[in-house]
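Containing PDB, C-alpha atoms: run16.pdb.
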```pdb
ATOM      1  CA  MET A   1       3.869 -41.529  -4.189
ATOM      2  CA  ASN A   2       3.111 -37.808  -4.274
ATOM      3  CA  TYR A   3       5.293 -36.732  -7.209
ATOM      4  CA  ALA A   4       4.487 -33.042  -6.734
ATOM      5  CA  LYS A   5       5.908 -33.131  -3.204
ATOM      6  CA  VAL A   6       8.966 -35.041  -4.406
ATOM      7  CA  LEU A   7       9.557 -32.432  -7.107
ATOM      8  CA  ASP A   8       9.139 -29.558  -4.637
ATOM      9  CA  ALA A   9      11.607 -31.211  -2.261
ATOM     10  CA  ALA A  10      14.109 -31.737  -5.069
ATOM     11  CA  LEU A  11      13.856 -28.111  -6.162
ATOM     12  CA  THR A  12      14.424 -27.022  -2.572
ATOM     13  CA  MET A  13      17.534 -29.193  -2.238
ATOM     14  CA  PHE A  14      18.827 -28.361  -5.718
ATOM     15  CA  PRO A  15      17.424 -24.928  -6.601
ATOM     16  CA  ARG A  16      17.331 -24.064 -10.278
ATOM     17  CA  LYS A  17      19.837 -21.566 -11.612
ATOM     18  CA  VAL A  18      19.821 -19.475 -14.766
ATOM     19  CA  LYS A  19      22.920 -18.525 -16.758
ATOM     20  CA  VAL A  20      22.691 -14.742 -16.947
ATOM     21  CA  THR A  21      24.823 -12.833 -19.456
ATOM     22  CA  CYS A  22      25.171  -9.145 -18.600
ATOM     23  CA  ILE A  23      25.972  -6.685 -21.378
ATOM     24  CA  ASP A  24      26.953  -3.048 -20.885
ATOM     25  CA  GLY A  25      23.918  -1.016 -21.919
ATOM     26  CA  VAL A  26      26.082   1.845 -23.198
ATOM     27  CA  SER A  27      29.029   0.190 -24.944
ATOM     28  CA  GLY A  28      27.347  -3.086 -25.850
ATOM     29  CA  GLN A  29      30.355  -4.989 -24.528
ATOM     30  CA  PRO A  30      29.926  -8.167 -22.431
ATOM     31  CA  ILE A  31      30.371  -7.638 -18.695
ATOM     32  CA  GLY A  32      30.249 -11.232 -17.519
ATOM     33  CA  ARG A  33      28.274 -14.432 -17.127
ATOM     34  CA  TYR A  34      26.699 -15.394 -13.830
ATOM     35  CA  LYS A  35      24.635 -18.238 -12.401
ATOM     36  CA  VAL A  36      21.616 -16.742 -10.655
ATOM     37  CA  LEU A  37      18.932 -18.568  -8.683
ATOM     38  CA  LEU A  38      15.666 -18.542 -10.597
ATOM     39  CA  HIS A  39      13.698 -17.247  -7.616
ATOM     40  CA  HIS A  40      16.013 -14.215  -7.455
ATOM     41  CA  LEU A  41      14.791 -13.133 -10.896
ATOM     42  CA  PRO A  42      11.425 -11.499 -11.651
ATOM     43  CA  ASN A  43       8.668 -13.473 -13.335
ATOM     44  CA  VAL A  44       8.610 -10.940 -16.146
ATOM     45  CA  PHE A  45      10.751  -7.951 -17.103
ATOM     46  CA  ASN A  46       7.902  -5.520 -17.694
ATOM     47  CA  LYS A  47       8.730  -2.619 -15.383
ATOM     48  CA  PRO A  48      11.830  -0.722 -14.138
ATOM     49  CA  ILE A  49      14.005  -3.302 -12.383
ATOM     50  CA  THR A  50      17.304  -3.160 -10.487
ATOM     51  CA  LEU A  51      19.068  -6.451  -9.771
ATOM     52  CA  THR A  52      21.983  -7.232  -7.486
ATOM     53  CA  ILE A  53      24.182  -9.962  -8.979
ATOM     54  CA  GLU A  54      27.279 -11.096  -7.079
ATOM     55  CA  GLY A  55      27.385  -7.807  -5.195
ATOM     56  CA  ASN A  56      26.963  -5.631  -8.288
ATOM     57  CA  GLU A  57      23.850  -3.495  -8.635
ATOM     58  CA  TRP A  58      22.540  -3.242 -12.187
ATOM     59  CA  ARG A  59      19.618  -1.340 -13.702
ATOM     60  CA  VAL A  60      18.130  -3.531 -16.417
ATOM     61  CA  ILE A  61      17.227  -1.749 -19.673
ATOM     62  CA  LYS A  62      16.675  -4.777 -21.917
ATOM     63  CA  ALA A  63      15.992  -8.457 -21.274
ATOM     64  CA  SER A  64      15.891 -11.454 -23.585
ATOM     65  CA  PRO A  65      13.752 -13.426 -23.079
ATOM     66  CA  VAL A  66      11.338 -11.280 -21.110
ATOM     67  CA  HIS A  67       9.248 -13.994 -19.424
ATOM     68  CA  SER A  68      10.385 -16.562 -16.868
ATOM     69  CA  ASP A  69       8.337 -19.163 -18.747
ATOM     70  CA  GLU A  70      11.150 -19.093 -21.299
ATOM     71  CA  PHE A  71      14.341 -18.466 -19.336
ATOM     72  CA  SER A  72      13.316 -20.942 -16.627
ATOM     73  CA  ILE A  73      13.160 -23.691 -19.273
ATOM     74  CA  PHE A  74      16.244 -22.845 -21.314
ATOM     75  CA  ARG A  75      18.184 -21.596 -18.256
ATOM     76  CA  LYS A  76      19.600 -18.665 -20.252
ATOM     77  CA  LEU A  77      18.937 -14.951 -19.907
ATOM     78  CA  THR A  78      20.633 -11.946 -21.500
ATOM     79  CA  LEU A  79      20.415  -8.594 -19.731
ATOM     80  CA  HIS A  80      21.552  -5.200 -20.996
ATOM     81  CA  VAL A  81      22.367  -3.220 -17.868
ATOM     82  CA  LEU A  82      23.626   0.084 -16.494
ATOM     83  CA  ASN A  83      25.719   0.565 -13.377
ATOM     84  CA  LYS A  84      24.807   3.289 -10.881
ATOM     85  CA  GLU A  85      26.973   5.950 -12.525
ATOM     86  CA  GLN A  86      25.590   5.175 -15.976
ATOM     87  CA  GLU A  87      22.043   5.219 -14.632
ATOM     88  CA  GLN A  88      22.557   8.643 -13.055
ATOM     89  CA  GLN A  89      23.862   9.994 -16.358
ATOM     90  CA  SER A  90      21.042   8.475 -18.394
ATOM     91  CA  THR A  91      17.669   9.941 -19.327
ATOM     92  CA  LEU A  92      15.560   7.078 -18.016
ATOM     93  CA  GLY A  93      11.952   7.674 -17.027
ATOM     94  CA  HIS A  94      10.388   7.385 -13.592
ATOM     95  CA  ASN A  95      10.609   4.107 -11.669
ATOM     96  CA  VAL A  96       6.922   3.952 -10.727
ATOM     97  CA  PRO A  97       3.737   4.640 -12.725
ATOM     98  CA  THR A  98       2.049   6.404  -9.815
ATOM     99  CA  ARG A  99       2.746   8.010  -6.459
ATOM    100  CA  HIS A 100       0.820   9.384  -3.504
ATOM    101  CA  ALA A 101      -0.070  13.066  -3.653
ATOM    102  CA  SER A 102       2.053  13.920  -0.611
ATOM    103  CA  ILE A 103       5.091  12.819   1.355
ATOM    104  CA  PRO A 104       4.512  12.555   5.134
ATOM    105  CA  ALA A 105       6.010  15.012   7.587
ATOM    106  CA  THR A 106       9.178  13.834   9.329
ATOM    107  CA  THR A 107      10.775  14.134  12.756
ATOM    108  CA  PRO A 108      14.251  13.430  14.186
ATOM    109  CA  THR A 109      12.731  11.151  16.851
ATOM    110  CA  ALA A 110      11.477   7.608  16.307
ATOM    111  CA  TYR A 111       8.741   6.349  18.641
ATOM    112  CA  TYR A 112       9.451   2.636  18.167
ATOM    113  CA  GLU A 113      13.033   1.463  17.696
ATOM    114  CA  GLN A 114      13.148  -2.336  17.237
ATOM    115  CA  PHE A 115      13.657  -2.020  13.468
ATOM    116  CA  THR A 116      13.410   0.495  10.623
ATOM    117  CA  VAL A 117      11.550   0.270   7.320
ATOM    118  CA  HIS A 118      13.513   2.236   4.717
ATOM    119  CA  LEU A 119      11.447   3.668   1.866
ATOM    120  CA  GLN A 120      12.116   5.726  -1.222
ATOM    121  CA  PRO A 121       9.823   8.785  -1.403
ATOM    122  CA  THR A 122       7.933   7.117  -4.264
ATOM    123  CA  ASP A 123       7.356   3.956  -2.165
ATOM    124  CA  TRP A 124       5.001   5.686   0.257
ATOM    125  CA  LEU A 125       1.637   3.861   0.494
ATOM    126  CA  GLN A 126       2.082   1.964  -2.764
ATOM    127  CA  MET A 127       0.497  -1.185  -1.269
ATOM    128  CA  GLU A 128      -2.290   0.419   0.708
ATOM    129  CA  PHE A 129      -5.243  -0.753   2.778
ATOM    130  CA  LEU A 130      -8.339   1.388   2.242
ATOM    131  CA  PRO A 131     -12.015   1.139   3.261
ATOM    132  CA  ALA A 132     -14.019  -1.265   1.112
ATOM    133  CA  ALA A 133     -16.816   1.311   1.107
ATOM    134  CA  GLU A 134     -14.585   3.566  -1.027
ATOM    135  CA  LEU A 135     -14.135   0.949  -3.759
ATOM    136  CA  PRO A 136     -15.852   3.003  -6.526
ATOM    137  CA  LEU A 137     -13.493   5.941  -5.942
ATOM    138  CA  ILE A 138     -10.496   3.601  -5.750
ATOM    139  CA  GLN A 139     -11.473   2.040  -9.076
ATOM    140  CA  GLU A 140     -11.691   5.495 -10.656
ATOM    141  CA  GLU A 141      -8.140   6.243  -9.521
ATOM    142  CA  VAL A 142      -6.863   2.879 -10.774
ATOM    143  CA  ALA A 143      -8.380   3.606 -14.188
ATOM    144  CA  LEU A 144      -6.231   6.739 -14.409
ATOM    145  CA  ILE A 145      -3.040   4.753 -13.720
ATOM    146  CA  ALA A 146      -3.642   2.040 -16.319
ATOM    147  CA  PRO A 147      -2.673   4.190 -19.358
ATOM    148  CA  VAL A 148       0.671   4.983 -17.696
ATOM    149  CA  LEU A 149       1.310   1.332 -16.881
ATOM    150  CA  LEU A 150       0.407   0.119 -20.380
ATOM    151  CA  PRO A 151       1.254   2.943 -22.798
ATOM    152  CA  GLU A 152      -0.125   2.714 -26.323
ATOM    153  CA  ASN A 153       3.143   3.995 -27.796
ATOM    154  CA  GLY A 154       4.841   0.640 -27.206
ATOM    155  CA  LEU A 155       7.787   2.074 -25.258
ATOM    156  CA  ASN A 156      10.105  -0.326 -23.435
ATOM    157  CA  PRO A 157       8.728  -0.420 -19.842
ATOM    158  CA  LEU A 158      12.208  -1.226 -18.483
ATOM    159  CA  LEU A 159      13.237   2.330 -19.393
ATOM    160  CA  GLY A 160      10.747   3.828 -16.944
ATOM    161  CA  TYR A 161       7.492   5.753 -17.093
ATOM    162  CA  GLU A 162       7.188   9.097 -18.822
ATOM    163  CA  THR A 163       4.670  10.854 -16.559
ATOM    164  CA  PRO A 164       3.581   9.116 -13.322
ATOM    165  CA  HIS A 165       0.005   9.598 -12.200
ATOM    166  CA  VAL A 166      -0.277  11.507  -8.904
ATOM    167  CA  ARG A 167      -3.074  10.088  -6.758
ATOM    168  CA  HIS A 168      -5.116  13.141  -5.798
ATOM    169  CA  GLN A 169      -8.586  11.544  -5.837
ATOM    170  CA  THR A 170      -7.811   9.045  -3.077
ATOM    171  CA  ALA A 171      -5.149  11.031  -1.197
ATOM    172  CA  HIS A 172      -7.637  11.989   1.514
ATOM    173  CA  LEU A 173      -8.611   8.384   2.181
ATOM    174  CA  GLY A 174      -7.166   6.350   5.004
ATOM    175  CA  VAL A 175      -8.265   3.952   7.713
ATOM    176  CA  ASP A 176      -9.509   4.284  11.283
ATOM    177  CA  ILE A 177      -8.326   1.273  13.270
ATOM    178  CA  PRO A 178      -7.560   1.059  17.014
ATOM    179  CA  PHE A 179      -3.804   0.538  17.193
ATOM    180  CA  ASP A 180      -3.824  -1.827  20.180
ATOM    181  CA  ALA A 181      -6.602  -3.978  18.724
ATOM    182  CA  PHE A 182      -4.756  -4.198  15.422
ATOM    183  CA  CYS A 183      -1.520  -5.278  17.126
ATOM    184  CA  ALA A 184      -3.399  -7.956  19.046
ATOM    185  CA  ALA A 185      -5.138  -9.219  15.905
ATOM    186  CA  ILE A 186      -1.941  -9.719  13.897
ATOM    187  CA  GLN A 187       0.158 -10.834  16.904
ATOM    188  CA  VAL A 188       2.993  -8.334  16.530
ATOM    189  CA  ASN A 189       6.564  -9.574  16.987
ATOM    190  CA  LYS A 190       8.386  -6.250  16.571
ATOM    191  CA  LYS A 191       7.496  -2.559  16.563
ATOM    192  CA  GLY A 192       9.625  -0.178  14.540
ATOM    193  CA  ASN A 193       9.703   3.058  12.587
ATOM    194  CA  ILE A 194       9.764   4.344   9.010
ATOM    195  CA  ARG A 195      12.493   6.367   7.371
ATOM    196  CA  ILE A 196      12.143   8.016   3.967
ATOM    197  CA  GLU A 197      15.420   8.246   2.045
ATOM    198  CA  GLY A 198      16.735  11.801   2.207
ATOM    199  CA  HIS A 199      14.443  12.585   5.147
ATOM    200  CA  GLU A 200      14.151  11.753   8.850
ATOM    201  CA  TYR A 201      11.665   9.442  10.564
ATOM    202  CA  VAL A 202       8.026   9.653   9.492
ATOM    203  CA  GLN A 203       6.084  11.698  12.020
ATOM    204  CA  ASN A 204       3.559   9.521  13.871
ATOM    205  CA  GLY A 205       4.919   6.634  11.838
ATOM    206  CA  PHE A 206       5.035   2.990  12.881
ATOM    207  CA  ALA A 207       6.193  -0.323  11.436
ATOM    208  CA  LEU A 208       5.057  -3.744  12.639
ATOM    209  CA  GLN A 209       6.298  -7.253  11.961
ATOM    210  CA  SER A 210       4.068 -10.294  12.377
ATOM    211  CA  ASP A 211       4.861 -13.879  11.423
ATOM    212  CA  ASN A 212       3.571 -13.233   7.905
ATOM    213  CA  TYR A 213       3.792  -9.556   6.998
ATOM    214  CA  GLU A 214       5.564  -6.266   7.516
ATOM    215  CA  TYR A 215       3.156  -3.358   7.972
ATOM    216  CA  TYR A 216       3.754   0.370   8.169
ATOM    217  CA  GLY A 217       1.682   3.523   8.404
ATOM    218  CA  THR A 218       0.743   6.387  10.691
ATOM    219  CA  VAL A 219      -1.054   6.461  14.024
ATOM    220  CA  VAL A 220      -2.737   9.460  15.691
ATOM    221  CA  ASN A 221      -4.325   9.338  19.153
ATOM    222  CA  ASN A 222      -3.698   5.581  19.223
ATOM    223  CA  ARG A 223      -5.691   5.033  16.016
ATOM    224  CA  ILE A 224      -4.149   3.956  12.712
ATOM    225  CA  THR A 225      -4.822   6.551  10.012
ATOM    226  CA  HIS A 226      -2.802   5.028   7.140
ATOM    227  CA  LEU A 227      -1.846   1.372   6.700
ATOM    228  CA  SER A 228       0.340  -0.288   4.087
ATOM    229  CA  LEU A 229       2.358  -3.449   3.435
ATOM    230  CA  THR A 230       5.940  -3.766   2.238
ATOM    231  CA  GLY A 231       5.082  -6.969   0.359
ATOM    232  CA  PHE A 232       2.148  -9.245  -0.446
ATOM    233  CA  ASP A 233       1.838 -12.530  -2.356
ATOM    234  CA  SER A 234      -1.464 -14.183  -1.522
ATOM    235  CA  VAL A 235      -4.350 -14.206   0.928
ATOM    236  CA  ASP A 236      -3.821 -16.135   4.169
ATOM    237  CA  ASP A 237      -5.636 -16.347   7.501
ATOM    238  CA  GLU A 238      -3.986 -13.224   8.902
ATOM    239  CA  PHE A 239      -4.848 -11.149   5.837
ATOM    240  CA  PHE A 240      -8.405 -12.505   5.745
ATOM    241  CA  ARG A 241      -8.932 -11.698   9.426
ATOM    242  CA  LEU A 242      -7.589  -8.175   8.975
ATOM    243  CA  VAL A 243      -9.650  -7.138   5.951
ATOM    244  CA  THR A 244     -12.887  -8.725   7.168
ATOM    245  CA  THR A 245     -12.628  -7.316  10.698
ATOM    246  CA  TRP A 246     -12.118  -3.735   9.508
ATOM    247  CA  GLU A 247     -13.789  -4.010   6.077
ATOM    248  CA  LEU A 248     -10.748  -3.161   3.975
ATOM    249  CA  VAL A 249      -9.372  -3.774   0.505
ATOM    250  CA  LEU A 250      -5.709  -3.915  -0.466
ATOM    251  CA  VAL A 251      -4.688  -1.710  -3.387
ATOM    252  CA  LYS A 252      -1.388  -2.405  -5.157
ATOM    253  CA  TRP A 253      -1.260   0.905  -6.977
ATOM    254  CA  VAL A 254       1.797   0.217  -9.132
ATOM    255  CA  GLU A 255       0.097  -2.905 -10.528
ATOM    256  CA  CYS A 256      -3.415  -1.438 -10.757
ATOM    257  CA  SER A 257      -4.732  -4.365  -8.715
ATOM    258  CA  ILE A 258      -7.306  -4.463  -5.920
ATOM    259  CA  THR A 259      -7.649  -7.454  -3.595
ATOM    260  CA  THR A 260     -11.064  -7.802  -1.987
ATOM    261  CA  VAL A 261     -12.169 -10.518   0.415
ATOM    262  CA  GLN A 262     -15.655 -11.697   1.281
ATOM    263  CA  PRO A 263     -16.669 -14.892   3.090
ATOM    264  CA  ASP A 264     -15.717 -17.795   0.786
ATOM    265  CA  ILE A 265     -14.734 -15.356  -2.012
ATOM    266  CA  THR A 266     -11.383 -13.736  -2.763
ATOM    267  CA  GLU A 267     -11.016 -11.501  -5.806
ATOM    268  CA  GLU A 268      -8.128  -9.616  -7.373
ATOM    269  CA  THR A 269      -8.929  -7.135 -10.114
TER     270      THR A 269
END
```
Reformat the file's structure so that it appears as structure tokens.
Amino acid sequence: MNYAKVLDAALTMFPRKVKVTCIDGVSGQPIGRYKVLLHHLPNVFNKPITLTIEGNEWRVIKASPVHSDEFSIFRKLTLHVLNKEQEQQSTLGHNVPTRHASIPATTPTAYYEQFTVHLQPTDWLQMEFLPAAELPLIQEEVALIAPVLLPENGLNPLLGYETPHVRHQTAHLGVDIPFDAFCAAIQVNKKGNIRIEGHEYVQNGFALQSDNYEYYGTVVNNRITHLSLTGFDSVDDEFFRLVTTWELVLVKWVECSITTVQPDITEET
């Protein structure tokens, strides 16, 4: 009997829940106790996090324990939280340790209309594909973000970052990929647009959904000039085909990580 498969099946049928106690981050008074699915919680509370629990949106400012290794075993988690009004009145730091040097131009007209990717201004190109040939420059930029991500002053990372690093060194980089060839390679299911909160549609912007990923970026003269993902967990066939065909690396700027792929070798630094 394959016990690992039996365990996975059991966890799927009876997903694990954690008893979460929410405490008002201002008054210190208990708000309530909730049962939350483990996979709806982060693996570690080490960056600014907003959670939605039973329809309520909370900004977490303190967590105990911090790591899922602990609260997944004991099934208990205590969160000190702020509601939206409290968060707006607070003096929290920035939500991201880095941002792109510019926000794209916008237009009232969307070229593709099957769906919309909604981004905060600070979300722009945070999970970015760039040419592998530019790896030395990318690594230099990553080295400038690391001190923001891991400050020596020991501040609580849930409270935000003091001074985000603006990515000037790599701002001029992008990709040069034929749009039609890219769509054929990933087998696009839907074509959509991008909207930045507080702005209109991204000019020359596109969004694509495949079976595995959601992409977005800009296209000029039918060639992709910027390319990013909305989420990424691990390398699969689609990702491998993409980065090897066009010789790319994936940079997750907010985590200071770079995923590179070579035949038979996958590295994340």
Could you check how far atom CA of A:Ser27 sits from atom CA of A:Asn156, in Å to one decimal?
->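 Going from atom CA of A:Ser27 over to atom CA of A:Asn156 covers 19.0 Å.
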Around the point (26.7, -11.2, -10.7), in the coordinates given by the file, pick out the residues reaching within 8 Å, counting all atoms listed in the file, and return them as number ranges by chain.
-> A: 32-36, 52-56
Might you pull out every residue within 7 Å of A:Ile49, with only C-alpha atoms counted and same-chain residues fewer than 3 positions away left off, and present them as a list in words?
->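 Final neighbour list, sorted by chain and number: Arg59, Val60 and Leu158 of chain A.
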Given the choices A:Tyr213, A:Ala132, A:His199, A:Leu173, which gets closest to A:Thr260 if the distance is worked out from all atoms listed in the file?
-> A:Ala132
Name the residues captured by the PyMOL selection byres ((chain A and resi 254) around 12) when it is applied to the shown file; answer as an MDAnalysis selection string.
-> chainID A and resid 46:48 95:100 122:128 141:150 161 164:167 251:253 255:258
Apply the PyMOL selection byres ((chain A and resi 180) around 12) to the file shown and report the selected residues as a list in words.
-> Ile177, Pro178, Phe179, Ala181, Phe182, Cys183, Ala184, Ala185, Ile186, Gln187, Val188, Lys191, Leu208, Val219, Asn221, Asn222, Arg223 and Ile224 of chain A
Got a sec to resolve the PyMOL selection byres ((chain A and resi 189) around 6) on this structure and send the residues as a list in words?
-> Val188, Lys190, Gln209 and Ser210 of chain A
Find the residues near A:Gly25: any atom within 9 Å, counting all atoms listed in the file, skip ones fewer than 6 places away on the same chain, and give them as a count of residues only.
-> 9
Top pick for closest residue to A:Pro42, considering A:Pro121, A:Pro65, A:Gly198, A:Pro104 and counting all atoms listed in the file |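 Closest residue, counting all atoms listed in the file: A:Pro65.
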Using only C-alpha atoms, which residue out of A:Ile73, A:Val66, A:Ala207, A:Ala133 lies closest to A:Gln114?
->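 Closest candidate: A:Ala207.
Separating atom CA of A:Ala101 from atom CA of A:Ala171 is a distance of 6.0 Å.
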Using all atoms listed in the file, find the one residue out of A:Phe129, A:Phe74, A:Tyr216, A:Trp246 that sits nearest to A:Phe115.
-> A:Tyr216
Taking only C-alpha atoms into account, which of A:Asn204, A:Thr50, A:Thr107, A:Gln262 comes nearest A:Thr218?
->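 Closest to A:Thr218, using only C-alpha atoms: A:Asn204.
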Work out how far atom CA of A:Trp58 is from atom CA of A:Thr78, in Å to one decimal.
->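 These atoms are spaced 12.9 Å apart.
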Hey, which of A:His172, A:Glu85, A:Asn212, A:Glu238 ends up closest to A:Ile138? Count all atoms listed in the file.
-> A:His172
Any idea what's packed within 12 Å of A:Phe71, counting only C-alpha atoms, ignoring anything in its chain fewer than 5 positions away? Could you give it as a PyMOL selection string?
-> chain A and resi 16-21+36-39+41-45+63-66+76-79
Leaving out A:Thr109 and any residue of its chain fewer than 2 positions from it, which residues lie within 10 Å of it when counting only C-alpha atoms, given as a ChimeraX atom specification?
-> /A:106-107,111-113,193,200-204
Centre and edges of the stretch 205-212 of chain A box, axis-aligned, 8 Å extra per side, as AutoDock Vina command-line options:
```
--center_x 4.9 --center_y -3.6 --center_z 10.4 --size_x 18.7 --size_y 36.5 --size_z 21.0
```
Which residues come within 10 Å of stretch 235-237 of chain A, counting only C-alpha atoms, excluding same-chain residues fewer than 3 positions away, as a list in words?
->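 Once the adjacent positions are removed, what remains is Ile186, Asn212, Phe232, Phe240, Arg241, Leu242, Thr259, Thr260, Val261, Thr266 and Glu267 of chain A.
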Can you complete the atoms of stretch 114-125 of chain A to N, CA and C atoms and list them as a PDB file, in the coordinates of the input?
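So result39.pdb came out as:
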```pdb
ATOM      1  N   GLN A 114      12.666  -0.960  17.403  1.00  0.00           N
ATOM      2  CA  GLN A 114      13.148  -2.336  17.237  1.00  0.00           C
ATOM      3  C   GLN A 114      13.660  -2.618  15.823  1.00  0.00           C
ATOM      4  N   PHE A 115      13.148  -1.898  14.836  1.00  0.00           N
ATOM      5  CA  PHE A 115      13.657  -2.020  13.468  1.00  0.00           C
ATOM      6  C   PHE A 115      13.185  -0.810  12.665  1.00  0.00           C
ATOM      7  N   THR A 116      13.747  -0.638  11.482  1.00  0.00           N
ATOM      8  CA  THR A 116      13.410   0.495  10.623  1.00  0.00           C
ATOM      9  C   THR A 116      13.038   0.004   9.230  1.00  0.00           C
ATOM     10  N   VAL A 117      11.925   0.498   8.716  1.00  0.00           N
ATOM     11  CA  VAL A 117      11.550   0.270   7.320  1.00  0.00           C
ATOM     12  C   VAL A 117      12.069   1.450   6.510  1.00  0.00           C
ATOM     13  N   HIS A 118      12.947   1.185   5.566  1.00  0.00           N
ATOM     14  CA  HIS A 118      13.513   2.236   4.717  1.00  0.00           C
ATOM     15  C   HIS A 118      12.732   2.302   3.409  1.00  0.00           C
ATOM     16  N   LEU A 119      12.239   3.482   3.074  1.00  0.00           N
ATOM     17  CA  LEU A 119      11.447   3.668   1.866  1.00  0.00           C
ATOM     18  C   LEU A 119      12.027   4.772   0.998  1.00  0.00           C
ATOM     19  N   GLN A 120      11.908   4.615  -0.308  1.00  0.00           N
ATOM     20  CA  GLN A 120      12.116   5.726  -1.222  1.00  0.00           C
ATOM     21  C   GLN A 120      10.883   6.625  -1.140  1.00  0.00           C
ATOM     22  N   PRO A 121      11.009   7.919  -1.447  1.00  0.00           N
ATOM     23  CA  PRO A 121       9.823   8.785  -1.403  1.00  0.00           C
ATOM     24  C   PRO A 121       8.665   8.257  -2.250  1.00  0.00           C
ATOM     25  N   THR A 122       8.988   7.624  -3.381  1.00  0.00           N
ATOM     26  CA  THR A 122       7.933   7.117  -4.264  1.00  0.00           C
ATOM     27  C   THR A 122       7.318   5.809  -3.769  1.00  0.00           C
ATOM     28  N   ASP A 123       7.891   5.207  -2.717  1.00  0.00           N
ATOM     29  CA  ASP A 123       7.356   3.956  -2.165  1.00  0.00           C
ATOM     30  C   ASP A 123       6.164   4.177  -1.238  1.00  0.00           C
ATOM     31  N   TRP A 124       5.964   5.403  -0.794  1.00  0.00           N
ATOM     32  CA  TRP A 124       5.001   5.686   0.257  1.00  0.00           C
ATOM     33  C   TRP A 124       3.583   5.252  -0.144  1.00  0.00           C
ATOM     34  N   LEU A 125       3.012   4.346   0.642  1.00  0.00           N
ATOM     35  CA  LEU A 125       1.637   3.861   0.494  1.00  0.00           C
ATOM     36  C   LEU A 125       1.351   3.294  -0.892  1.00  0.00           C
TER      37      LEU A 125
END
```
